[in-house]
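Visitor: Compact mmCIF, C-alpha atoms (C1' of nucleotides), saved as input03.txt, coming up:
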```txt
# COMPACT_ATOMS: atom_id res chain seq x y z
CA MET A 1 -41.63 41.36 -9.05
CA SER A 2 -41.30 45.12 -9.41
CA GLY A 3 -39.51 47.28 -11.96
CA ALA A 4 -37.99 46.14 -15.23
CA VAL A 5 -40.77 46.18 -17.78
CA LEU A 6 -38.45 45.12 -20.52
CA SER A 7 -35.21 47.09 -20.52
CA LEU A 8 -35.29 47.18 -24.28
CA LYS A 9 -35.97 50.86 -24.68
CA ASN A 10 -32.48 51.89 -23.61
CA ARG A 11 -30.44 49.38 -25.49
CA MET A 12 -27.93 50.58 -28.08
CA PRO A 13 -28.50 53.86 -29.85
CA GLY A 14 -27.39 53.07 -33.39
CA ALA A 15 -28.08 49.42 -33.92
CA ARG A 16 -31.19 47.28 -33.38
CA ARG A 17 -33.80 47.81 -36.03
CA GLU A 18 -34.18 44.51 -37.83
CA ILE A 19 -37.74 43.36 -38.37
CA ASP A 20 -39.47 45.05 -35.48
CA LEU A 21 -42.05 42.34 -35.10
CA ALA A 22 -44.61 43.22 -37.73
CA GLY A 23 -45.76 46.28 -35.83
CA LEU A 24 -45.70 44.80 -32.35
CA ASP A 25 -44.47 47.16 -29.70
CA PHE A 26 -42.18 45.18 -27.50
CA SER A 27 -40.43 48.16 -25.98
CA ASN A 28 -43.44 48.80 -23.82
CA CYS A 29 -44.89 45.35 -24.03
CA PRO A 30 -48.31 45.39 -22.38
CA VAL A 31 -48.70 41.80 -23.41
CA ARG A 32 -45.86 40.50 -21.37
CA ASP A 33 -46.61 42.94 -18.60
CA MET A 34 -50.07 41.49 -18.21
CA MET A 35 -49.41 37.90 -19.11
CA GLN A 36 -46.74 37.75 -16.47
CA GLN A 37 -49.45 38.29 -13.91
CA ILE A 38 -52.29 36.36 -15.51
CA GLY A 39 -49.99 33.50 -16.34
CA GLY A 40 -48.98 32.98 -12.77
CA LYS A 41 -49.67 29.52 -11.48
CA TRP A 42 -52.68 30.54 -9.42
CA SER A 43 -53.95 33.76 -10.97
CA THR A 44 -56.40 32.31 -13.45
CA LEU A 45 -57.70 29.86 -10.92
CA LEU A 46 -58.41 32.66 -8.47
CA LEU A 47 -59.95 34.88 -11.13
CA GLU A 48 -62.18 32.02 -12.16
CA VAL A 49 -63.33 31.44 -8.61
CA LEU A 50 -63.85 35.12 -7.86
CA ALA A 51 -65.65 35.68 -11.15
CA ALA A 52 -68.39 33.45 -9.81
CA GLU A 53 -68.76 35.20 -6.47
CA PRO A 54 -66.78 37.02 -3.77
CA ARG A 55 -64.83 34.84 -1.38
CA ARG A 56 -63.00 35.16 1.89
CA PHE A 57 -59.36 34.34 2.36
CA GLY A 58 -59.82 31.10 4.27
CA GLU A 59 -62.53 30.05 1.88
CA LEU A 60 -60.14 30.40 -1.03
CA ARG A 61 -57.47 28.53 0.84
CA ARG A 62 -59.83 25.65 1.43
CA MET A 63 -60.97 25.64 -2.19
CA LEU A 64 -57.42 25.42 -3.52
CA PRO A 65 -56.00 22.92 -1.09
CA ASP A 66 -52.57 22.76 -2.67
CA ILE A 67 -51.83 26.45 -2.64
CA SER A 68 -49.58 27.67 0.12
CA GLN A 69 -50.80 30.54 2.22
CA ARG A 70 -47.82 32.53 1.16
CA MET A 71 -48.68 32.19 -2.53
CA LEU A 72 -52.37 32.82 -1.91
CA THR A 73 -51.60 36.06 -0.11
CA GLN A 74 -49.14 37.11 -2.75
CA THR A 75 -51.27 36.22 -5.75
CA LEU A 76 -54.27 38.00 -4.28
CA ARG A 77 -52.20 41.07 -3.58
CA ASP A 78 -50.83 41.10 -7.10
CA LEU A 79 -54.28 40.77 -8.60
CA GLN A 80 -55.45 43.56 -6.36
CA ARG A 81 -52.52 45.69 -7.35
CA ASP A 82 -53.40 45.35 -10.99
CA GLY A 83 -56.96 46.32 -10.21
CA TYR A 84 -58.62 43.02 -11.07
CA ILE A 85 -59.92 42.26 -7.61
CA ALA A 86 -60.90 44.29 -4.55
CA ARG A 87 -60.04 43.54 -0.95
CA GLU A 88 -62.45 44.51 1.79
CA VAL A 89 -61.85 44.03 5.49
CA PHE A 90 -64.83 43.49 7.76
CA PRO A 91 -64.25 44.43 11.39
CA THR A 92 -65.80 41.28 12.78
CA LYS A 93 -64.51 39.66 15.94
CA PRO A 94 -61.56 38.05 14.17
CA PRO A 95 -61.46 40.45 11.21
CA SER A 96 -62.47 38.77 8.00
CA VAL A 97 -61.39 39.78 4.52
CA GLU A 98 -63.43 39.42 1.39
CA TYR A 99 -62.06 39.43 -2.13
CA SER A 100 -64.27 40.29 -5.05
CA MET A 101 -63.86 41.03 -8.72
CA THR A 102 -63.77 44.61 -9.94
CA ASP A 103 -65.21 45.92 -13.19
CA LEU A 104 -61.76 45.81 -14.72
CA GLY A 105 -61.44 42.22 -13.59
CA ARG A 106 -64.77 41.31 -15.12
CA SER A 107 -63.72 43.01 -18.33
CA LEU A 108 -60.55 40.95 -18.34
CA TYR A 109 -62.46 37.83 -17.56
CA GLN A 110 -64.40 37.92 -20.80
CA PRO A 111 -61.54 37.15 -23.19
CA LEU A 112 -59.83 35.15 -20.48
CA SER A 113 -62.77 32.81 -20.06
CA GLN A 114 -62.74 32.20 -23.80
CA LEU A 115 -59.18 31.07 -23.56
CA LEU A 116 -60.02 28.93 -20.54
CA ASN A 117 -62.84 27.34 -22.48
CA TRP A 118 -60.41 26.56 -25.28
CA ALA A 119 -58.12 24.95 -22.76
CA GLU A 120 -60.84 22.70 -21.45
CA ALA A 121 -62.10 21.84 -24.91
CA ASN A 122 -58.65 21.07 -26.30
CA HIS A 123 -57.06 19.31 -23.43
CA ASP A 124 -57.09 16.01 -25.26
CA PRO A 125 -55.26 17.13 -28.43
CA VAL A 126 -52.63 18.75 -26.26
CA ARG A 127 -52.18 15.67 -24.16
CA ALA A 128 -51.98 13.59 -27.31
CA ALA A 129 -49.33 15.89 -28.79
CA ARG A 130 -47.38 15.61 -25.57
CA ALA A 131 -47.55 11.84 -25.54
CA ARG A 132 -46.38 11.76 -29.15
CA PHE A 133 -43.50 14.10 -28.43
CA ASP A 134 -42.40 12.32 -25.28
CA GLY A 135 -42.61 8.93 -26.93
CA ALA A 136 -40.73 9.98 -30.06
CA ASP A 137 -37.22 10.46 -28.74
CA SER A 138 -37.12 8.48 -25.53
CA MET B 1 -42.35 20.47 -15.27
CA SER B 2 -43.67 16.93 -15.50
CA GLY B 3 -46.14 14.93 -13.44
CA ALA B 4 -48.36 16.25 -10.67
CA VAL B 5 -51.40 17.69 -12.37
CA LEU B 6 -52.92 18.62 -9.08
CA SER B 7 -52.78 15.82 -6.57
CA LEU B 8 -56.29 16.57 -5.45
CA LYS B 9 -57.90 13.41 -6.72
CA ASN B 10 -56.25 11.21 -4.10
CA ARG B 11 -56.62 13.32 -1.04
CA MET B 12 -58.71 11.97 1.79
CA PRO B 13 -61.53 9.57 1.10
CA GLY B 14 -64.21 10.83 3.44
CA ALA B 15 -63.60 14.54 3.69
CA ARG B 16 -63.16 17.20 1.01
CA ARG B 17 -66.41 18.13 -0.57
CA GLU B 18 -67.00 21.67 0.50
CA ILE B 19 -68.06 23.90 -2.36
CA ASP B 20 -66.41 22.13 -5.25
CA LEU B 21 -65.86 25.31 -7.17
CA ALA B 22 -69.20 25.83 -8.83
CA GLY B 23 -68.72 22.91 -11.17
CA LEU B 24 -65.08 23.49 -12.01
CA ASP B 25 -63.04 20.36 -12.32
CA PHE B 26 -59.79 21.05 -10.56
CA SER B 27 -58.82 17.43 -10.12
CA ASN B 28 -57.77 17.23 -13.73
CA CYS B 29 -57.32 20.90 -14.27
CA PRO B 30 -56.77 21.51 -17.97
CA VAL B 31 -56.78 25.19 -17.25
CA ARG B 32 -53.74 25.17 -15.09
CA ASP B 33 -52.12 22.56 -17.25
CA MET B 34 -52.33 24.82 -20.26
CA MET B 35 -51.92 28.17 -18.61
CA GLN B 36 -48.69 26.98 -17.08
CA GLN B 37 -47.30 26.75 -20.56
CA ILE B 38 -49.01 29.70 -22.18
CA GLY B 39 -48.30 31.87 -19.20
CA GLY B 40 -44.58 31.35 -19.42
CA LYS B 41 -42.62 34.51 -19.78
CA TRP B 42 -41.89 34.01 -23.48
CA SER B 43 -44.60 31.68 -24.75
CA THR B 44 -47.17 34.25 -25.82
CA LEU B 45 -44.52 36.41 -27.39
CA LEU B 46 -43.30 33.50 -29.49
CA LEU B 47 -46.80 32.42 -30.42
CA GLU B 48 -47.57 35.94 -31.48
CA VAL B 49 -44.50 36.11 -33.68
CA LEU B 50 -45.01 32.66 -35.19
CA ALA B 51 -48.70 33.33 -35.77
CA ALA B 52 -47.63 35.93 -38.30
CA GLU B 53 -45.17 33.72 -40.17
CA PRO B 54 -42.67 30.90 -39.69
CA ARG B 55 -39.29 31.90 -38.32
CA ARG B 56 -35.87 30.40 -37.86
CA PHE B 57 -34.15 30.01 -34.55
CA GLY B 58 -31.60 32.78 -34.96
CA GLU B 59 -34.25 35.04 -36.38
CA LEU B 60 -36.34 34.61 -33.24
CA ARG B 61 -33.32 35.18 -31.08
CA ARG B 62 -32.62 38.45 -32.82
CA MET B 63 -36.25 39.54 -32.58
CA LEU B 64 -36.39 38.96 -28.84
CA PRO B 65 -33.07 40.43 -27.87
CA ASP B 66 -33.49 39.90 -24.16
CA ILE B 67 -34.31 36.22 -24.27
CA SER B 68 -31.48 33.85 -23.43
CA GLN B 69 -30.75 31.07 -25.90
CA ARG B 70 -31.45 28.57 -23.21
CA MET B 71 -34.95 29.90 -22.61
CA LEU B 72 -35.62 30.27 -26.32
CA THR B 73 -34.70 26.65 -26.93
CA GLN B 74 -36.69 25.47 -23.97
CA THR B 75 -39.80 27.54 -24.67
CA LEU B 76 -39.82 26.44 -28.31
CA ARG B 77 -39.47 22.84 -27.29
CA ASP B 78 -42.30 23.12 -24.79
CA LEU B 79 -44.57 24.74 -27.36
CA GLN B 80 -43.65 22.02 -29.80
CA ARG B 81 -44.31 19.37 -27.21
CA ASP B 82 -47.82 20.67 -26.64
CA GLY B 83 -48.40 20.64 -30.39
CA TYR B 84 -48.71 24.39 -30.91
CA ILE B 85 -45.71 24.79 -33.16
CA ALA B 86 -43.79 22.55 -35.55
CA ARG B 87 -40.02 22.28 -35.89
CA GLU B 88 -38.48 21.53 -39.28
CA VAL B 89 -34.79 21.06 -39.92
CA PHE B 90 -33.38 21.98 -43.33
CA PRO B 91 -30.15 20.18 -44.25
CA THR B 92 -28.40 23.30 -45.48
CA LYS B 93 -24.65 23.78 -45.03
CA PRO B 94 -25.02 24.84 -41.42
CA PRO B 95 -28.37 23.15 -40.82
CA SER B 96 -31.14 25.65 -40.31
CA VAL B 97 -34.31 25.09 -38.30
CA GLU B 98 -37.66 26.62 -38.95
CA TYR B 99 -40.49 26.94 -36.47
CA SER B 100 -44.06 27.37 -37.63
CA MET B 101 -47.49 27.29 -36.12
CA THR B 102 -49.62 24.17 -36.33
CA ASP B 103 -53.39 24.02 -36.77
CA LEU B 104 -53.74 23.42 -33.06
CA GLY B 105 -51.59 26.46 -32.41
CA ARG B 106 -53.70 28.58 -34.73
CA SER B 107 -56.81 27.33 -32.99
CA LEU B 108 -55.32 28.36 -29.67
CA TYR B 109 -54.25 31.68 -31.04
CA GLN B 110 -57.80 32.80 -31.72
CA PRO B 111 -58.94 33.18 -28.10
CA LEU B 112 -55.39 34.02 -27.08
CA SER B 113 -55.18 36.98 -29.43
CA GLN B 114 -58.43 38.28 -27.97
CA LEU B 115 -56.84 38.28 -24.56
CA LEU B 116 -53.73 39.91 -25.95
CA ASN B 117 -55.84 42.61 -27.53
CA TRP B 118 -57.48 43.21 -24.20
CA ALA B 119 -54.06 43.54 -22.63
CA GLU B 120 -52.99 46.15 -25.12
CA ALA B 121 -56.27 48.03 -24.91
CA ASN B 122 -56.34 48.05 -21.11
CA HIS B 123 -52.74 48.65 -20.30
CA ASP B 124 -53.46 52.12 -19.00
CA PRO B 125 -56.15 51.20 -16.46
CA VAL B 126 -53.89 48.46 -15.15
CA ARG B 127 -50.93 50.78 -14.85
CA ALA B 128 -53.15 53.31 -13.13
CA ALA B 129 -54.40 50.71 -10.66
CA ARG B 130 -50.83 49.74 -9.96
CA ALA B 131 -49.76 53.30 -9.34
CA ARG B 132 -52.70 53.81 -6.99
CA PHE B 133 -51.86 50.64 -5.11
CA ASP B 134 -48.17 51.34 -4.85
CA GLY B 135 -48.75 54.89 -3.76
CA ALA B 136 -51.35 53.98 -1.17
CA ASP B 137 -49.26 52.26 1.46
CA SER B 138 -45.75 53.50 0.80
C1' DG C 1 -4.35 26.61 -44.52
C1' DG C 2 -5.39 29.02 -40.22
C1' DT C 3 -8.80 32.22 -38.58
C1' DC C 4 -13.38 34.24 -38.45
C1' DG C 5 -18.22 34.09 -38.60
C1' DT C 6 -22.48 31.50 -39.08
C1' DT C 7 -25.72 27.76 -37.92
C1' DG C 8 -28.63 25.81 -33.63
C1' DG C 9 -28.05 24.48 -29.95
C1' DT C 10 -26.00 22.47 -24.78
C1' DC C 11 -23.73 23.17 -20.19
C1' DT C 12 -22.64 25.33 -15.92
C1' DC C 13 -23.41 28.42 -12.48
C1' DA C 14 -25.83 32.42 -10.21
C1' DA C 15 -30.17 34.82 -9.25
C1' DA C 16 -35.00 34.96 -8.75
C1' DA C 17 -39.41 32.88 -7.87
C1' DA C 18 -42.31 29.38 -5.80
C1' DG C 19 -43.50 26.00 -2.21
C1' DA C 20 -43.78 24.00 2.66
C1' DG C 21 -44.76 24.89 6.89
C1' DA C 22 -43.90 27.06 11.51
C1' DC C 23 -45.26 31.26 13.85
C1' DT C 24 -48.25 35.51 15.21
C1' DA C 25 -52.04 38.20 17.60
C1' DA C 26 -56.65 39.08 18.98
C1' DC C 27 -60.81 37.17 20.07
C1' DG C 28 -64.74 33.28 21.27
C1' DC C 29 -65.92 29.12 23.25
C1' DT C 30 -65.73 25.71 26.80
C1' DA D 1 -56.56 28.13 31.00
C1' DG D 2 -56.45 25.91 26.68
C1' DC D 3 -58.18 25.36 21.87
C1' DG D 4 -59.73 26.97 17.53
C1' DT D 5 -60.63 30.72 14.33
C1' DT D 6 -59.29 34.80 11.61
C1' DA D 7 -55.63 36.52 7.87
C1' DG D 8 -51.68 36.71 7.29
C1' DT D 9 -45.94 36.88 7.82
C1' DC D 10 -41.23 34.66 8.21
C1' DT D 11 -37.73 31.40 7.19
C1' DC D 12 -35.93 27.72 4.67
C1' DT D 13 -35.71 24.63 0.66
C1' DT D 14 -36.57 23.52 -4.04
C1' DT D 15 -37.55 24.83 -8.64
C1' DT D 16 -37.32 27.97 -12.44
C1' DT D 17 -35.07 31.54 -14.97
C1' DG D 18 -31.23 34.11 -16.69
C1' DA D 19 -26.30 35.09 -18.38
C1' DG D 20 -23.02 33.57 -20.82
C1' DA D 21 -19.24 30.25 -22.14
C1' DC D 22 -18.70 26.35 -25.12
C1' DC D 23 -19.49 23.00 -29.26
C1' DA D 24 -19.10 20.98 -34.11
C1' DA D 25 -19.44 21.65 -39.02
C1' DC D 26 -19.03 24.38 -42.80
C1' DG D 27 -17.83 28.82 -46.03
C1' DA D 28 -15.37 32.80 -46.89
C1' DC D 29 -11.28 35.39 -46.36
C1' DC D 30 -6.23 36.48 -46.62
```
Translate this file's structure into C-alpha cells.
Guide:
Amino acid sequence: MSGAVLSLKNRMPGARREIDLAGLDFSNCPVRDMMQQIGGKWSTLLLEVLAAEPRRFGELRRMLPDISQRMLTQTLRDLQRDGYIAREVFPTKPPSVEYSMTDLGRSLYQPLSQLLNWAEANHDPVRAARARFDGADS
Amino acid sequence: MSGAVLSLKNRMPGARREIDLAGLDFSNCPVRDMMQQIGGKWSTLLLEVLAAEPRRFGELRRMLPDISQRMLTQTLRDLQRDGYIAREVFPTKPPSVEYSMTDLGRSLYQPLSQLLNWAEANHDPVRAARARFDGADS
DNA sequence: GGTCGTTGGTCTCAAAAAGAGACTAACGCT
DNA sequence: AGCGTTAGTCTCTTTTTGAGACCAACGACC
C-alpha cells in the first residue's frame, strides 16, 4: 500500500531511453498513483455515494451490503489520506463518525462522474464485446 | 474475474430497501463492472499508450519496463475482451502482433483522458494531503 | 550446422491484496 | 443482567499480482 511509486527513476544509468511514451512522464506517474486508489473496487462507489451527501460509517455499510467492514474501513481511510473525503467524529453516546467529500474530492468527482456516465451509457457495447470474445474461442 | 456482478438482486425478498443510493442502480452496477477493468494497475497506462498509436507486444513491454509479461498479456486480453482494443496478428517470420484502439476504446478514452488530466494537474494537492495524513498520527 | 537472438506468449511459484467473519469496548434500553 | 448499537480491529482464507523460467519457429552468424 505504501512506498514504491514506480521504481523506474533509479533503473540503469546508461540504457533505457527508447520511445519515452510520447511525452508521458512515467517516472513519477501521477496517473498510476491516483488510478491505483480510484480504481480500487469500492473507491468510486463510495465517492459516488458521498458526492451526494455525507454519510456515517454504518450507513455506508448498509448501503453497500457486500462490502466487508475491513474493506470499508480501509477504503475510507485511503480516500481520506488522499484528501478526497473528510472524517469527523461526533462525541455522541456511542461515538458516531461522518464521512463527507472535501473540495478536492468534489473537484475529482467532476471528471470522474463523466467517466462513470460513460460506463453506464456504454455498458451494453462492452457486454456485447465480452460475449463475442468469450464465444469466439470456447 | 468472471460472474458475480454484485449479488444484490437476489438478497432477501422482504427487506432491503433503505435508501437505495439516490437512484443509483447497484444491482447491475456497470460502474463497478467497468472500473474493475479500467482501474487495473496497467489498464489506463496501456490505453494511454495505445490511444496515441498502435503498438506491438514487445514494444509495449519495452515501454513499460516494470510490467511482467504475464500481466501485459493478461491486461491486453482483458482490454480486448471488453472491446477497447483490437489484436491483429501479422504472419511475418516470427509472427508479430499489433494492438490498436477500437472506436469503443476511443470513445472511452475521451472521459478517461479528462480524469487522467485531472490526476496530473492535481498530483501535488494529493501528495500534500497524504503527507499531512501520514504525519498526523505517526 | 550448432548457437544466439528475436518473436509473443505460457507456466509455476511466491508475495501481496482482498474478502469473510469473529471479536472489542462503551453506552442505552428493558 | 442481557441485548443491541456504535465504529472499528484481528485472524484466516482466497484471489490477484509479480518475477522469472520455459517454449517453438525462424534468421543471422561463424
Visitor: Draw an axis-aligned box tight on the listed atoms of range 18-26 of chain C, then pad every side by 6 Å and write out centre and edge lengths in Å to one decimal as JSON.
Guide:
```
{"center_x": -49.5, "center_y": 31.5, "center_z": 6.6, "size_x": 26.3, "size_y": 27.1, "size_z": 36.8}
```
Visitor: Return as a Markdown table the residues of chain B lying at most 8 Å from chain D, together with the closest atom-to-atom pair for each and the distance in Å to one decimal, counting only C-alpha atoms (C1' of nucleotides), with rows in chain order and ascending residue number.
Guide:
```
| residue | atom | partner | partner_atom | distance |
| --- | --- | --- | --- | --- |
| B:Ser68 | CA | D:DG18 | C1' | 6.7 |
| B:Met71 | CA | D:DT17 | C1' | 7.8 |
| B:Lys93 | CA | D:DC26 | C1' | 6.1 |
| B:Pro94 | CA | D:DC26 | C1' | 6.2 |
```
Visitor: Go through A:Arg55, A:Arg81, A:Lys41, A:Arg106 and flag the residue nearest chain C, using only C-alpha atoms (C1' of nucleotides) for the distances.
Guide: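 Checking each of A:Arg55, A:Arg81, A:Lys41, A:Arg106 against chain C, counting only C-alpha atoms (C1' of nucleotides), the winner is A:Lys41.
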Visitor: How close does each residue of chain C get to chain A, giving the shortest atom pair and distance in Å to one decimal for every residue with an atom at most 9 Å away, counting only C-alpha atoms (C1' of nucleotides), sorted by chain and residue number, as CSV?
Guide:
```
residue,atom,partner,partner_atom,distance
C:DA17,C1',A:Met1,CA,8.8
C:DA18,C1',A:Met71,CA,7.7
C:DG19,C1',A:Ser68,CA,6.7
C:DA20,C1',A:Ser68,CA,7.3
C:DG21,C1',A:Ser68,CA,8.8
C:DA26,C1',A:Pro94,CA,7.0
C:DC27,C1',A:Pro94,CA,6.0
C:DG28,C1',A:Lys93,CA,8.3
```
Visitor: Go through range 74-138 of chain B and flag each residue having an atom no more than 12 Å from range 32-37 of chain A; for those, report the closest pair of atoms plus their distance in Å to one decimal, using all atoms listed in the file, ordered by chain and rising number, as CSV.
Guide:
```
residue,atom,partner,partner_atom,distance
B:Leu112,CA,A:Met35,CA,10.7
B:Ser113,CA,A:Met35,CA,11.9
B:Leu115,CA,A:Met35,CA,9.2
B:Leu116,CA,A:Met35,CA,8.3
B:Asn117,CA,A:Met34,CA,11.0
B:Trp118,CA,A:Met34,CA,9.7
B:Ala119,CA,A:Met34,CA,6.3
B:Glu120,CA,A:Met34,CA,8.8
B:Ala121,CA,A:Met34,CA,11.2
B:Asn122,CA,A:Met34,CA,9.5
B:His123,CA,A:Met34,CA,7.9
B:Asp124,CA,A:Met34,CA,11.2
B:Pro125,CA,A:Met34,CA,11.6
B:Val126,CA,A:Met34,CA,8.5
B:Arg127,CA,A:Asp33,CA,9.7
B:Arg130,CA,A:Met34,CA,11.7
```
Visitor: Please produce a file of those selected residues containing C-alpha atoms, as a PDB file, in the coordinates of the input.
Guide:
```pdb
ATOM      1  CA  LEU B 112     -55.390  34.020 -27.080  1.00  0.00           C
ATOM      2  CA  SER B 113     -55.180  36.980 -29.430  1.00  0.00           C
ATOM      3  CA  LEU B 115     -56.840  38.280 -24.560  1.00  0.00           C
ATOM      4  CA  LEU B 116     -53.730  39.910 -25.950  1.00  0.00           C
ATOM      5  CA  ASN B 117     -55.840  42.610 -27.530  1.00  0.00           C
ATOM      6  CA  TRP B 118     -57.480  43.210 -24.200  1.00  0.00           C
ATOM      7  CA  ALA B 119     -54.060  43.540 -22.630  1.00  0.00           C
ATOM      8  CA  GLU B 120     -52.990  46.150 -25.120  1.00  0.00           C
ATOM      9  CA  ALA B 121     -56.270  48.030 -24.910  1.00  0.00           C
ATOM     10  CA  ASN B 122     -56.340  48.050 -21.110  1.00  0.00           C
ATOM     11  CA  HIS B 123     -52.740  48.650 -20.300  1.00  0.00           C
ATOM     12  CA  ASP B 124     -53.460  52.120 -19.000  1.00  0.00           C
ATOM     13  CA  PRO B 125     -56.150  51.200 -16.460  1.00  0.00           C
ATOM     14  CA  VAL B 126     -53.890  48.460 -15.150  1.00  0.00           C
ATOM     15  CA  ARG B 127     -50.930  50.780 -14.850  1.00  0.00           C
ATOM     16  CA  ARG B 130     -50.830  49.740  -9.960  1.00  0.00           C
TER      17      ARG B 130
END
```
Visitor: How many Å lie between CA of Arg61 in chain A and CA of Leu104 in chain A, rounded to one decimal?
Guide: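 Computing it gives 23.6 Å between the two atoms.
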Visitor: Determine, for each residue of range 32-89 of chain B having at least one atom at most 8 Å from an atom of range 2-12 of chain C, the closest pair of atoms and their separation in Å to one decimal, counting all atoms listed in the file; order by chain and ascending number, as a Markdown table.
Guide:
```
| residue | atom | partner | partner_atom | distance |
| --- | --- | --- | --- | --- |
| B:Phe57 | CA | C:DG8 | C1' | 7.0 |
| B:Gly58 | CA | C:DG8 | C1' | 7.7 |
| B:Thr73 | CA | C:DG9 | C1' | 7.6 |
```
Visitor: CA of Ser100 in chain B to CA of Arg87 in chain B: how many Å, to one decimal?
Guide: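 CA of Arg87 in chain B lies 6.7 Å from CA of Ser100 in chain B.
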Visitor: Hey, what's within 9 Å of Val89 in chain A if we count only C-alpha atoms (C1' of nucleotides) and toss same-chain stuff fewer than 5 positions away? As a list in words, please?
Guide: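 With the cut-off at 9 Å, the set is Pro95, Ser96, Val97, Glu98 and Tyr99 of chain A.
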Visitor: Enter the distance from CA of Ser43 in chain B to CA of Pro30 in chain A, in Å, rounded to one decimal.
Guide: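 CA of Ser43 in chain B sits 14.4 Å away from CA of Pro30 in chain A.
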Visitor: From the set A:Ala129, A:Leu60, A:Leu47, A:Glu88, which residue has the shortest atom-to-atom contact distance to chain B, counting all atoms listed in the file?
Guide: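 The shortest atom-to-atom distance to chain B comes from A:Ala129.
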Visitor: Let me make sure I understand: among B:Phe90, B:Pro65, B:Arg56, B:Thr102, which one has the smallest atom-to-atom distance to chain A if we use all atoms listed in the file?
Guide: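 Ranked by minimum distance to chain A, first place goes to B:Pro65.
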